[in-house]
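What follows is a single structure, written as structure tokens, with notes after it.
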Amino acid sequence: MATINDISSLKIKGANFQDETILELFKKKISLIYGENGAGKSTIARGIYNWANQDDTHGINAAFLDSNKNEVHIDEASTHVFVFDEDYIQRMVGIKSSTGLNTIVILGDLKDVEEKISEKKLLLDKENLAWQLEKSKLDKLIDSQNRESQLFIQNCIRQKLKKDGGWADRLSKIRNNKTKSKVNDKAIDVISSSQKFLQDMPEDTKLEERHAWINSWICKQMEIFNNDLKLYQNTSQNAFPISEKICLEQNSFDEAAFINALAEVVEKPEITERDELILSVTATLQAKGADFIKDVKNEFEREEVDRCPYCQQIVDSQRKQNLLEALGKVLEAQTKNHVSNQLKQFRINDIQLVEWTKFEALNKSELVENCKNAIEALKGKITFVNRLLEEKINNPYKALTVEADTVEFNAAYESAVKYAQTLNEAVEDYNKAIKEHKKLEEKLVNLNNDIAFWEIYELNEELKSAKKRYGMQASVVSNLRRKISSIQNEINVLEEKKKQVKIAVDEINASLAYIFLSTDRLQIEYDGLSNEYKIKVNQRDVKPEDVSIGERNAIALGYFFSDIKKEKEKKSFYQGEYLLVIDDPISSFDRENRIGVISFLRKELLKFKKENKNTKILIMTHDMQVLFDLHKMFSSMSNELTGNELKSTSYVLEDKKLTTITEKKYHEYSFLLQRIYEFAKGKSCGDLNSEIGNMLRRVMEAYGTFLYRAGGADLFNNDIVLTKIKDEKRCEFFRNCMIRLFLNGESHFEEAVQSFNDMNFFSILPPEKKREYARYVLCFFYTLNPIHVLRHLELKATQGIDNSDEWNEENLKTQLDEWMKQIDELAEVSCKM
């Protein structure tokens, strides 16, 4: 069976490693990895944890390989592989408030139990709150003042039926009672069962449309009811039928043709004295008609006729011509008479006399009056039309202009016909009601029930919903009550389990005292009464928000090593073969505690390596200074052991690859300059895009501090520095653009060159703009001291890289000179502004 010692590399896929990747982690038994945020360190830690614990959290799959690239399988891997990372802290360490100002810490299994108890209590509070809320809803559903309750809706139904003009009022009128009929449950049941018109309501309609349909139906049926009720009240088996009936002749009247005929003009003839003489001779002929005159005219039109064929007088040509003209005018007058006869076709006969008093028994005075007015209006139109005809007949030689809207005979006729027809139908119903008086009463009672059904339909639907709502709400309340009881039982079980969990407080406190070099600085006290572990800072209670991330992580780190040893023999524990993975153990600590944590790690890890040289250690960080400190730590530990068991290998994790960092590469300033140069050239450097602003500030401060005893910003106010830049335009350009690096954030490089804080104030700039600033910094150094820049960059070529030619002096100078040329062009333009 394989052991930890067989592990050589890690195969991983998921999260940052979308493609399956093999990482050569253990060239030696101790590996240190530096990587920018997002490079994949957390993914590696999670992958190893998933492998050891057979988990697939975050969708990361990993497997260890031996030197032959075969997968390594270790029995009970979770007892040999331990991972400390932010996930571990979140799983194992909880800090929360207790009574008063007390802050309690919950560790390991206790945290798991406490979290479950907290979850259950939160759930219990939530369910209790829900129960109270739902119970109050249920109480409202039996409150007669709540419009959603059954009682409220039932009262609304009764009030609706009792109101004036409602079901009870209408029924009393049918039965001729002085008081309204009673509304009881039996009556409501009868009304609610009257569903014969329910199928008439359109399906799948919106509430507003349904409401409108019901109102429309009720209006129509109420009109029928009121009409039948009047008919019922006005008739009896002893009443006499009405014999009067209005008859209107069906007239077809073309209003347009009528108006055109009135406007037509017949030319009036002019007759001289000579014509009078001739006409007097032919006066007798006129009485004989137009055909006779035409025959006379045709006779005289013959050329050979020179004597009157009727009186035998000689007629000369002139007299003959005059006679022909007179005969033509006589014929024209006959034509005028014909036109007048045509106009008489528009004459309309008068309407017969109506005895309106005979309709009084209907008790429909409004209908009778409307009908009477419509017929009178029609009579007026008939008189108007006939008067115009007489006027035109008497004077056909003059145009008679009439506007269309002054005639409107057809409109008056249609209105009169409509009212006459309605009145005649009412007479028929009246006469029929006399014969069927009892049947009409039954019809009214049924119709009243039908109308009431729709009047309370929506309330009945609300009542159905209210009953359903009450049943559902009662079920919800009952279920919540059972759920609350179940949760409380679970909490009781967990509280008993909590009492059984014990934490190695003394061992954790010893670790904290070692880290802080004080027994009072940060301690955990066990309170047996409350079964809680309380945090004390300088022997005082603190609030949870006053416990720093560094203090939290110190407690977590102390518990991590205590947890590893849990339930194991102290004497033989360290003899076991382990893989310890620690991700960013001190990146969040202030500088004061770094030394303590490094010292604590040294003490604990040395115990593991002393007892079993095959134990392997992997520590990852995104802080380059931490990497250097850890490297020195393991170098110092090697003096206490024989062989190379504590020799470490350091890597840079970038672009999903591990690159070994050689001893020469540990010169941080050179390393940073090289990284900035790569970024300036456009090379993809992992998450360097988010760190470049801080790195630029760090090298600026380091350069100024070591060479000129001036901070980064002071370089631009130091005469000794500025006098080295002979070109004034170039000097002003650097002063203008480089000072932007120091407008945000705070740097402490001058106080401690080896300690840098992450500053991402460049995050608002696009990548290309960041590359420009990287070039400006390098060229600023290059302007001040070109040999300084070239020597630090040339070191890259000695590190066994594939592209070493890129880092030789000639190629570096070519690139830097090209950037300087671009800067001079910009300086020239900016100085003109």
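To be explicit about the labels: the chains of the structure tokens are called A, B, and onward in the order shown, and within each one the residues are counted from 1, while ligands get numbers from 1 in the order they are shown.
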A:Val105 surroundings by only C-alpha atoms, 10 Å radius, close-in-sequence under 6 positions cut, as a PDB file with all heavy atoms, in the first residue's frame:
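Final output, result_16.pdb:
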```
ATOM      1  N   VAL A  93     -13.837  27.112  13.136  1.00  0.00           N
ATOM      2  CA  VAL A  93     -13.746  28.215  14.085  1.00  0.00           C
ATOM      3  C   VAL A  93     -14.955  29.128  13.921  1.00  0.00           C
ATOM      4  O   VAL A  93     -15.233  29.609  12.824  1.00  0.00           O
ATOM      5  CB  VAL A  93     -12.447  29.031  13.897  1.00  0.00           C
ATOM      6  CG1 VAL A  93     -12.391  30.165  14.923  1.00  0.00           C
ATOM      7  CG2 VAL A  93     -11.231  28.127  14.032  1.00  0.00           C
ATOM      8  N   GLY A  94     -15.624  29.354  15.036  1.00  0.00           N
ATOM      9  CA  GLY A  94     -16.739  30.293  15.035  1.00  0.00           C
ATOM     10  C   GLY A  94     -16.595  31.250  16.200  1.00  0.00           C
ATOM     11  O   GLY A  94     -16.220  30.849  17.305  1.00  0.00           O
ATOM     12  N   ILE A  95     -16.868  32.518  15.935  1.00  0.00           N
ATOM     13  CA  ILE A  95     -16.795  33.531  16.989  1.00  0.00           C
ATOM     14  C   ILE A  95     -18.123  34.260  17.019  1.00  0.00           C
ATOM     15  O   ILE A  95     -18.590  34.759  15.992  1.00  0.00           O
ATOM     16  CB  ILE A  95     -15.636  34.520  16.729  1.00  0.00           C
ATOM     17  CG1 ILE A  95     -14.296  33.779  16.851  1.00  0.00           C
ATOM     18  CG2 ILE A  95     -15.688  35.680  17.714  1.00  0.00           C
ATOM     19  CD1 ILE A  95     -13.099  34.617  16.511  1.00  0.00           C
ATOM     20  N   LYS A  96     -18.725  34.308  18.207  1.00  0.00           N
ATOM     21  CA  LYS A  96     -20.011  34.978  18.312  1.00  0.00           C
ATOM     22  C   LYS A  96     -20.162  35.563  19.712  1.00  0.00           C
ATOM     23  O   LYS A  96     -19.379  35.262  20.624  1.00  0.00           O
ATOM     24  CB  LYS A  96     -21.157  34.025  17.991  1.00  0.00           C
ATOM     25  CG  LYS A  96     -21.380  32.947  19.038  1.00  0.00           C
ATOM     26  CD  LYS A  96     -22.638  32.127  18.708  1.00  0.00           C
ATOM     27  CE  LYS A  96     -22.994  31.198  19.861  1.00  0.00           C
ATOM     28  NZ  LYS A  96     -24.242  30.464  19.603  1.00  0.00           N
ATOM     29  N   SER A  97     -21.172  36.392  19.890  1.00  0.00           N
ATOM     30  CA  SER A  97     -21.389  37.037  21.179  1.00  0.00           C
ATOM     31  C   SER A  97     -22.151  36.121  22.112  1.00  0.00           C
ATOM     32  O   SER A  97     -22.936  35.272  21.688  1.00  0.00           O
ATOM     33  CB  SER A  97     -22.165  38.345  20.985  1.00  0.00           C
ATOM     34  OG  SER A  97     -23.438  38.077  20.429  1.00  0.00           O
ATOM     35  N   SER A  98     -21.883  36.299  23.399  1.00  0.00           N
ATOM     36  CA  SER A  98     -22.627  35.582  24.421  1.00  0.00           C
ATOM     37  C   SER A  98     -23.341  36.627  25.265  1.00  0.00           C
ATOM     38  O   SER A  98     -23.704  37.690  24.769  1.00  0.00           O
ATOM     39  CB  SER A  98     -21.662  34.739  25.267  1.00  0.00           C
ATOM     40  OG  SER A  98     -22.385  33.996  26.243  1.00  0.00           O
ATOM     41  N   LYS A 111     -18.060  23.317  17.264  1.00  0.00           N
ATOM     42  CA  LYS A 111     -18.589  24.291  16.293  1.00  0.00           C
ATOM     43  C   LYS A 111     -19.670  23.654  15.444  1.00  0.00           C
ATOM     44  O   LYS A 111     -20.703  24.269  15.156  1.00  0.00           O
ATOM     45  CB  LYS A 111     -17.480  24.827  15.397  1.00  0.00           C
ATOM     46  CG  LYS A 111     -17.969  25.868  14.389  1.00  0.00           C
ATOM     47  CD  LYS A 111     -16.807  26.442  13.615  1.00  0.00           C
ATOM     48  CE  LYS A 111     -17.277  27.567  12.694  1.00  0.00           C
ATOM     49  NZ  LYS A 111     -18.082  27.108  11.581  1.00  0.00           N
ATOM     50  N   ILE A 524      -8.221  31.571  25.853  1.00  0.00           N
ATOM     51  CA  ILE A 524      -9.574  31.007  25.841  1.00  0.00           C
ATOM     52  C   ILE A 524      -9.853  30.447  27.231  1.00  0.00           C
ATOM     53  O   ILE A 524      -9.046  29.690  27.775  1.00  0.00           O
ATOM     54  CB  ILE A 524      -9.701  29.897  24.783  1.00  0.00           C
ATOM     55  CG1 ILE A 524      -9.436  30.451  23.378  1.00  0.00           C
ATOM     56  CG2 ILE A 524     -11.082  29.256  24.850  1.00  0.00           C
ATOM     57  CD1 ILE A 524      -9.412  29.388  22.304  1.00  0.00           C
ATOM     58  N   GLU A 525     -11.001  30.832  27.814  1.00  0.00           N
ATOM     59  CA  GLU A 525     -11.394  30.337  29.132  1.00  0.00           C
ATOM     60  C   GLU A 525     -12.676  29.527  29.001  1.00  0.00           C
ATOM     61  O   GLU A 525     -13.612  29.940  28.319  1.00  0.00           O
ATOM     62  CB  GLU A 525     -11.622  31.509  30.098  1.00  0.00           C
ATOM     63  CG  GLU A 525     -10.363  32.244  30.493  1.00  0.00           C
ATOM     64  CD  GLU A 525     -10.639  33.326  31.529  1.00  0.00           C
ATOM     65  OE1 GLU A 525     -11.823  33.465  31.928  1.00  0.00           O
ATOM     66  OE2 GLU A 525      -9.687  34.021  31.934  1.00  0.00           O
ATOM     67  N   TYR A 526     -12.689  28.385  29.717  1.00  0.00           N
ATOM     68  CA  TYR A 526     -13.882  27.543  29.689  1.00  0.00           C
ATOM     69  C   TYR A 526     -14.802  27.902  30.848  1.00  0.00           C
ATOM     70  O   TYR A 526     -14.374  27.986  32.001  1.00  0.00           O
ATOM     71  CB  TYR A 526     -13.503  26.061  29.775  1.00  0.00           C
ATOM     72  CG  TYR A 526     -14.693  25.140  29.864  1.00  0.00           C
ATOM     73  CD1 TYR A 526     -15.553  24.997  28.772  1.00  0.00           C
ATOM     74  CD2 TYR A 526     -14.970  24.425  31.032  1.00  0.00           C
ATOM     75  CE1 TYR A 526     -16.661  24.166  28.840  1.00  0.00           C
ATOM     76  CE2 TYR A 526     -16.075  23.585  31.105  1.00  0.00           C
ATOM     77  CZ  TYR A 526     -16.917  23.464  30.008  1.00  0.00           C
ATOM     78  OH  TYR A 526     -18.018  22.641  30.087  1.00  0.00           O
ATOM     79  N   GLU A 532     -19.401  27.134  27.766  1.00  0.00           N
ATOM     80  CA  GLU A 532     -18.930  27.985  26.674  1.00  0.00           C
ATOM     81  C   GLU A 532     -17.442  28.270  26.835  1.00  0.00           C
ATOM     82  O   GLU A 532     -16.907  28.281  27.960  1.00  0.00           O
ATOM     83  CB  GLU A 532     -19.702  29.312  26.650  1.00  0.00           C
ATOM     84  CG  GLU A 532     -21.171  29.158  26.304  1.00  0.00           C
ATOM     85  CD  GLU A 532     -21.923  30.480  26.361  1.00  0.00           C
ATOM     86  OE1 GLU A 532     -21.441  31.417  27.048  1.00  0.00           O
ATOM     87  OE2 GLU A 532     -22.993  30.582  25.732  1.00  0.00           O
ATOM     88  N   TYR A 533     -16.784  28.527  25.691  1.00  0.00           N
ATOM     89  CA  TYR A 533     -15.364  28.873  25.677  1.00  0.00           C
ATOM     90  C   TYR A 533     -15.266  30.357  25.318  1.00  0.00           C
ATOM     91  O   TYR A 533     -15.555  30.752  24.184  1.00  0.00           O
ATOM     92  CB  TYR A 533     -14.614  28.014  24.655  1.00  0.00           C
ATOM     93  CG  TYR A 533     -14.634  26.540  25.011  1.00  0.00           C
ATOM     94  CD1 TYR A 533     -15.701  25.727  24.639  1.00  0.00           C
ATOM     95  CD2 TYR A 533     -13.588  25.963  25.737  1.00  0.00           C
ATOM     96  CE1 TYR A 533     -15.730  24.379  24.974  1.00  0.00           C
ATOM     97  CE2 TYR A 533     -13.602  24.618  26.084  1.00  0.00           C
ATOM     98  CZ  TYR A 533     -14.680  23.841  25.695  1.00  0.00           C
ATOM     99  OH  TYR A 533     -14.698  22.504  26.034  1.00  0.00           O
ATOM    100  N   LYS A 534     -14.833  31.152  26.295  1.00  0.00           N
ATOM    101  CA  LYS A 534     -14.845  32.606  26.126  1.00  0.00           C
ATOM    102  C   LYS A 534     -13.453  33.132  25.785  1.00  0.00           C
ATOM    103  O   LYS A 534     -12.447  32.618  26.280  1.00  0.00           O
ATOM    104  CB  LYS A 534     -15.360  33.280  27.401  1.00  0.00           C
ATOM    105  CG  LYS A 534     -16.797  32.880  27.741  1.00  0.00           C
ATOM    106  CD  LYS A 534     -17.281  33.555  29.005  1.00  0.00           C
ATOM    107  CE  LYS A 534     -18.726  33.151  29.314  1.00  0.00           C
ATOM    108  NZ  LYS A 534     -19.223  33.774  30.568  1.00  0.00           N
ATOM    109  N   ILE A 535     -13.441  34.169  24.947  1.00  0.00           N
ATOM    110  CA  ILE A 535     -12.183  34.783  24.528  1.00  0.00           C
ATOM    111  C   ILE A 535     -11.848  35.931  25.463  1.00  0.00           C
ATOM    112  O   ILE A 535     -12.707  36.779  25.760  1.00  0.00           O
ATOM    113  CB  ILE A 535     -12.275  35.286  23.077  1.00  0.00           C
ATOM    114  CG1 ILE A 535     -12.455  34.104  22.114  1.00  0.00           C
ATOM    115  CG2 ILE A 535     -11.035  36.082  22.694  1.00  0.00           C
ATOM    116  CD1 ILE A 535     -12.614  34.525  20.668  1.00  0.00           C
ATOM    117  N   PRO A 544     -17.367  40.607  19.768  1.00  0.00           N
ATOM    118  CA  PRO A 544     -16.961  39.817  18.593  1.00  0.00           C
ATOM    119  C   PRO A 544     -16.315  40.663  17.498  1.00  0.00           C
ATOM    120  O   PRO A 544     -15.337  40.234  16.875  1.00  0.00           O
ATOM    121  CB  PRO A 544     -18.277  39.192  18.115  1.00  0.00           C
ATOM    122  CG  PRO A 544     -19.132  39.151  19.334  1.00  0.00           C
ATOM    123  CD  PRO A 544     -18.762  40.358  20.142  1.00  0.00           C
ATOM    124  N   ARG A 552      -8.294  35.733  15.142  1.00  0.00           N
ATOM    125  CA  ARG A 552      -9.107  34.564  14.774  1.00  0.00           C
ATOM    126  C   ARG A 552      -8.246  33.486  14.147  1.00  0.00           C
ATOM    127  O   ARG A 552      -8.350  32.290  14.477  1.00  0.00           O
ATOM    128  CB  ARG A 552     -10.200  34.992  13.797  1.00  0.00           C
ATOM    129  CG  ARG A 552     -11.130  33.862  13.387  1.00  0.00           C
ATOM    130  CD  ARG A 552     -11.785  34.109  12.051  1.00  0.00           C
ATOM    131  NE  ARG A 552     -10.825  34.092  10.962  1.00  0.00           N
ATOM    132  CZ  ARG A 552     -11.165  34.008   9.668  1.00  0.00           C
ATOM    133  NH1 ARG A 552     -12.437  33.942   9.325  1.00  0.00           N
ATOM    134  NH2 ARG A 552     -10.238  33.998   8.732  1.00  0.00           N
ATOM    135  N   ILE A 555      -6.017  31.622  16.645  1.00  0.00           N
ATOM    136  CA  ILE A 555      -6.779  30.576  17.348  1.00  0.00           C
ATOM    137  C   ILE A 555      -6.976  29.370  16.436  1.00  0.00           C
ATOM    138  O   ILE A 555      -6.823  28.215  16.852  1.00  0.00           O
ATOM    139  CB  ILE A 555      -8.138  31.133  17.808  1.00  0.00           C
ATOM    140  CG1 ILE A 555      -7.943  32.214  18.871  1.00  0.00           C
ATOM    141  CG2 ILE A 555      -9.019  30.017  18.364  1.00  0.00           C
ATOM    142  CD1 ILE A 555      -9.214  32.961  19.238  1.00  0.00           C
TER     143      ILE A 555
END
```
Skipping near chain neighbours, those fewer than 2 positions away, what residues fall within 10 Å of A:Val505 using only C-alpha atoms, listed as a PDB file with N, CA, C and O atoms, in the first residue's frame?
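So out_15.pdb came out as:
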```pdb
ATOM      1  N   LYS A 502     -15.456  18.085  24.362  1.00  0.00           N
ATOM      2  CA  LYS A 502     -14.435  18.801  25.117  1.00  0.00           C
ATOM      3  C   LYS A 502     -13.327  19.272  24.171  1.00  0.00           C
ATOM      4  O   LYS A 502     -12.929  18.550  23.258  1.00  0.00           O
ATOM      5  N   ILE A 503     -12.825  20.476  24.423  1.00  0.00           N
ATOM      6  CA  ILE A 503     -11.770  21.069  23.611  1.00  0.00           C
ATOM      7  C   ILE A 503     -10.485  21.136  24.424  1.00  0.00           C
ATOM      8  O   ILE A 503     -10.505  21.436  25.632  1.00  0.00           O
ATOM      9  N   GLU A 507      -3.913  23.276  25.543  1.00  0.00           N
ATOM     10  CA  GLU A 507      -2.965  23.168  24.427  1.00  0.00           C
ATOM     11  C   GLU A 507      -3.090  24.354  23.478  1.00  0.00           C
ATOM     12  O   GLU A 507      -2.089  24.891  22.997  1.00  0.00           O
ATOM     13  N   ILE A 508      -4.332  24.795  23.212  1.00  0.00           N
ATOM     14  CA  ILE A 508      -4.534  25.951  22.331  1.00  0.00           C
ATOM     15  C   ILE A 508      -3.980  27.207  22.984  1.00  0.00           C
ATOM     16  O   ILE A 508      -3.333  28.039  22.326  1.00  0.00           O
ATOM     17  N   ASN A 509      -4.219  27.386  24.288  1.00  0.00           N
ATOM     18  CA  ASN A 509      -3.689  28.552  24.985  1.00  0.00           C
ATOM     19  C   ASN A 509      -2.169  28.564  24.979  1.00  0.00           C
ATOM     20  O   ASN A 509      -1.543  29.629  24.898  1.00  0.00           O
ATOM     21  N   ALA A 510      -1.573  27.384  25.062  1.00  0.00           N
ATOM     22  CA  ALA A 510      -0.106  27.305  24.990  1.00  0.00           C
ATOM     23  C   ALA A 510       0.388  27.775  23.625  1.00  0.00           C
ATOM     24  O   ALA A 510       1.405  28.487  23.514  1.00  0.00           O
ATOM     25  N   SER A 511      -0.344  27.405  22.584  1.00  0.00           N
ATOM     26  CA  SER A 511       0.025  27.849  21.231  1.00  0.00           C
ATOM     27  C   SER A 511      -0.113  29.356  21.104  1.00  0.00           C
ATOM     28  O   SER A 511       0.748  30.032  20.525  1.00  0.00           O
ATOM     29  N   GLN A 523      -6.323  34.585  25.126  1.00  0.00           N
ATOM     30  CA  GLN A 523      -6.535  33.311  25.791  1.00  0.00           C
ATOM     31  C   GLN A 523      -7.996  32.879  25.651  1.00  0.00           C
ATOM     32  O   GLN A 523      -8.879  33.691  25.395  1.00  0.00           O
ATOM     33  N   ILE A 524      -8.221  31.571  25.853  1.00  0.00           N
ATOM     34  CA  ILE A 524      -9.574  31.007  25.841  1.00  0.00           C
ATOM     35  C   ILE A 524      -9.853  30.447  27.231  1.00  0.00           C
ATOM     36  O   ILE A 524      -9.046  29.690  27.775  1.00  0.00           O
ATOM     37  N   GLU A 525     -11.001  30.832  27.814  1.00  0.00           N
ATOM     38  CA  GLU A 525     -11.394  30.337  29.132  1.00  0.00           C
ATOM     39  C   GLU A 525     -12.676  29.527  29.001  1.00  0.00           C
ATOM     40  O   GLU A 525     -13.612  29.940  28.319  1.00  0.00           O
ATOM     41  N   TYR A 526     -12.689  28.385  29.717  1.00  0.00           N
ATOM     42  CA  TYR A 526     -13.882  27.543  29.689  1.00  0.00           C
ATOM     43  C   TYR A 526     -14.802  27.902  30.848  1.00  0.00           C
ATOM     44  O   TYR A 526     -14.374  27.986  32.001  1.00  0.00           O
ATOM     45  N   TYR A 533     -16.784  28.527  25.691  1.00  0.00           N
ATOM     46  CA  TYR A 533     -15.364  28.873  25.677  1.00  0.00           C
ATOM     47  C   TYR A 533     -15.266  30.357  25.318  1.00  0.00           C
ATOM     48  O   TYR A 533     -15.555  30.752  24.184  1.00  0.00           O
ATOM     49  N   GLY A 558      -3.728  27.395  16.102  1.00  0.00           N
ATOM     50  CA  GLY A 558      -3.478  26.610  17.312  1.00  0.00           C
ATOM     51  C   GLY A 558      -4.386  25.400  17.386  1.00  0.00           C
ATOM     52  O   GLY A 558      -3.948  24.299  17.752  1.00  0.00           O
ATOM     53  N   TYR A 559      -5.655  25.588  17.026  1.00  0.00           N
ATOM     54  CA  TYR A 559      -6.584  24.462  17.052  1.00  0.00           C
ATOM     55  C   TYR A 559      -6.236  23.427  15.979  1.00  0.00           C
ATOM     56  O   TYR A 559      -6.415  22.231  16.187  1.00  0.00           O
ATOM     57  N   SER A 562      -3.716  21.172  17.335  1.00  0.00           N
ATOM     58  CA  SER A 562      -4.333  20.422  18.420  1.00  0.00           C
ATOM     59  C   SER A 562      -5.290  19.378  17.875  1.00  0.00           C
ATOM     60  O   SER A 562      -5.343  18.246  18.372  1.00  0.00           O
TER      61      SER A 562
END
```
Using DSSP on the backbone, list every residue of stretch 449-649 of chain A that comes out as alpha helix (DSSP H), and give them as JSON, numbers by chain. {"A": [449, 450, 451, 452, 453, 454, 455, 457, 458, 459, 460, 461, 462, 463, 464, 465, 466, 467, 468, 469, 470, 471, 472, 473, 474, 475, 476, 477, 478, 479, 480, 481, 482, 483, 484, 485, 486, 487, 488, 489, 490, 491, 492, 493, 494, 495, 496, 497, 498, 499, 500, 505, 506, 507, 508, 509, 510, 511, 512, 513, 514, 515, 516, 549, 550, 551, 552, 553, 554, 555, 556, 557, 558, 559, 560, 561, 562, 563, 564, 570, 571, 572, 573, 591, 592, 593, 594, 595, 596, 597, 598, 599, 600, 601, 602, 603, 604, 605, 606, 607, 608, 609, 610, 611, 624, 625, 626, 627, 628, 629, 630, 631, 632, 633, 634, 635, 636, 637]}
Do you have the atom CA of A:Asn808-atom CA of A:Lys821 distance handy?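 Separation of atom CA of A:Asn808 and atom CA of A:Lys821: 20.3 Å.
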What is the atom CA of A:Gln488-atom CA of A:Thr103 distance in Å, reported with one decimal?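 Between these atoms lies a distance of 25.2 Å.
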Using only C-alpha atoms, which residues sit within 12 Å of stretch 420-429 of chain A once same-chain residues fewer than 3 positions away are excluded, as a ChimeraX atom specification? /A:224,227-232,234-235,240-249,354,356,358-376,378,413-417,432-437,440
Put those residues in a file: C-alpha atoms, as a short mmCIF file (atom, residue, chain, number, x, y, z; two decimals), in the first residue's frame.
```cif
data_model
loop_
_atom_site.label_atom_id
_atom_site.label_comp_id
_atom_site.auth_asym_id
_atom_site.auth_seq_id
_atom_site.Cartn_x
_atom_site.Cartn_y
_atom_site.Cartn_z
CA ILE A 224 -87.78 42.30 -17.63
CA ASN A 227 -91.88 45.32 -16.73
CA ASP A 228 -93.50 42.04 -15.69
CA LEU A 229 -94.06 43.33 -12.16
CA LYS A 230 -95.88 46.40 -13.44
CA LEU A 231 -97.83 44.19 -15.76
CA TYR A 232 -98.65 41.89 -12.87
CA ASN A 234 -101.78 46.43 -13.26
CA THR A 235 -103.67 43.35 -14.35
CA PHE A 240 -110.42 44.41 -19.80
CA PRO A 241 -108.02 44.01 -22.74
CA ILE A 242 -106.91 47.03 -24.80
CA SER A 243 -108.29 47.05 -28.36
CA GLU A 244 -106.41 50.09 -29.68
CA LYS A 245 -103.48 49.43 -32.01
CA ILE A 246 -101.26 51.87 -33.87
CA CYS A 247 -100.85 51.17 -37.59
CA LEU A 248 -98.37 53.07 -39.72
CA GLU A 249 -98.31 52.65 -43.50
CA VAL A 354 -105.00 57.58 -32.32
CA TRP A 356 -104.21 57.71 -26.55
CA LYS A 358 -107.03 53.78 -24.24
CA PHE A 359 -103.40 53.04 -23.34
CA GLU A 360 -103.64 54.36 -19.77
CA ALA A 361 -104.35 50.88 -18.37
CA LEU A 362 -100.80 49.83 -19.33
CA ASN A 363 -99.38 52.11 -16.64
CA LYS A 364 -96.55 52.93 -19.04
CA SER A 365 -97.00 56.66 -19.33
CA GLU A 366 -93.42 57.25 -20.43
CA LEU A 367 -93.64 54.75 -23.29
CA VAL A 368 -97.02 56.11 -24.36
CA GLU A 369 -95.73 59.68 -24.25
CA ASN A 370 -92.61 58.77 -26.25
CA CYS A 371 -94.73 57.02 -28.86
CA LYS A 372 -97.15 59.96 -29.04
CA ASN A 373 -94.29 62.45 -29.47
CA ALA A 374 -92.66 60.32 -32.17
CA ILE A 375 -95.96 60.13 -34.16
CA GLU A 376 -96.56 63.84 -33.74
CA LEU A 378 -93.77 62.24 -37.99
CA TYR A 413 -90.67 57.54 -39.59
CA GLU A 414 -88.31 54.90 -38.16
CA SER A 415 -88.56 56.42 -34.66
CA ALA A 416 -92.34 56.41 -34.82
CA VAL A 417 -92.40 52.81 -36.09
CA LYS A 432 -101.82 38.10 -22.38
CA ALA A 433 -101.18 38.81 -18.67
CA ILE A 434 -104.88 39.17 -18.05
CA LYS A 435 -105.31 35.63 -19.28
CA GLU A 436 -102.22 34.17 -17.43
CA HIS A 437 -102.09 36.11 -14.14
CA LEU A 440 -96.88 35.49 -14.22
#
```
Quick one: everything within 12 Å of A:Lys178, counting only C-alpha atoms, minus sequence neighbours fewer than 5 positions away in the same chain. Send it as a short mmCIF file (atom, residue, chain, number, x, y, z; two decimals) with all heavy atoms, in the first residue's frame.
```
data_model
loop_
_atom_site.label_atom_id
_atom_site.label_comp_id
_atom_site.auth_asym_id
_atom_site.auth_seq_id
_atom_site.Cartn_x
_atom_site.Cartn_y
_atom_site.Cartn_z
N ALA A 168 -85.51 40.50 -0.98
CA ALA A 168 -86.62 40.53 -0.02
C ALA A 168 -87.63 41.62 -0.38
O ALA A 168 -88.85 41.42 -0.25
CB ALA A 168 -86.07 40.76 1.39
N ASP A 169 -87.13 42.75 -0.83
CA ASP A 169 -88.01 43.87 -1.21
C ASP A 169 -88.84 43.50 -2.43
O ASP A 169 -90.06 43.75 -2.49
CB ASP A 169 -87.14 45.10 -1.47
CG ASP A 169 -88.00 46.37 -1.55
OD1 ASP A 169 -89.17 46.34 -1.14
OD2 ASP A 169 -87.47 47.39 -2.04
N ARG A 170 -88.19 42.90 -3.42
CA ARG A 170 -88.91 42.52 -4.65
C ARG A 170 -89.97 41.45 -4.37
O ARG A 170 -91.07 41.49 -4.92
CB ARG A 170 -87.90 42.03 -5.70
CG ARG A 170 -86.93 43.09 -6.20
CD ARG A 170 -86.18 42.62 -7.44
NE ARG A 170 -85.35 41.45 -7.17
CZ ARG A 170 -84.06 41.48 -6.86
NH1 ARG A 170 -83.46 42.67 -6.74
NH2 ARG A 170 -83.37 40.38 -6.64
N LEU A 171 -89.64 40.48 -3.50
CA LEU A 171 -90.59 39.41 -3.19
C LEU A 171 -91.82 39.97 -2.47
O LEU A 171 -92.95 39.52 -2.72
CB LEU A 171 -89.91 38.34 -2.33
CG LEU A 171 -90.76 37.10 -2.02
CD1 LEU A 171 -91.18 36.39 -3.31
CD2 LEU A 171 -89.99 36.13 -1.12
N SER A 172 -91.62 40.94 -1.60
CA SER A 172 -92.76 41.54 -0.90
C SER A 172 -93.69 42.26 -1.87
O SER A 172 -94.91 42.28 -1.69
CB SER A 172 -92.27 42.50 0.19
OG SER A 172 -91.61 43.61 -0.39
N LYS A 173 -93.12 42.84 -2.92
CA LYS A 173 -93.95 43.52 -3.93
C LYS A 173 -94.74 42.50 -4.75
O LYS A 173 -95.89 42.76 -5.14
CB LYS A 173 -93.08 44.37 -4.83
CG LYS A 173 -92.47 45.58 -4.12
CD LYS A 173 -91.56 46.37 -5.04
CE LYS A 173 -90.96 47.56 -4.31
NZ LYS A 173 -90.03 48.34 -5.18
#
```
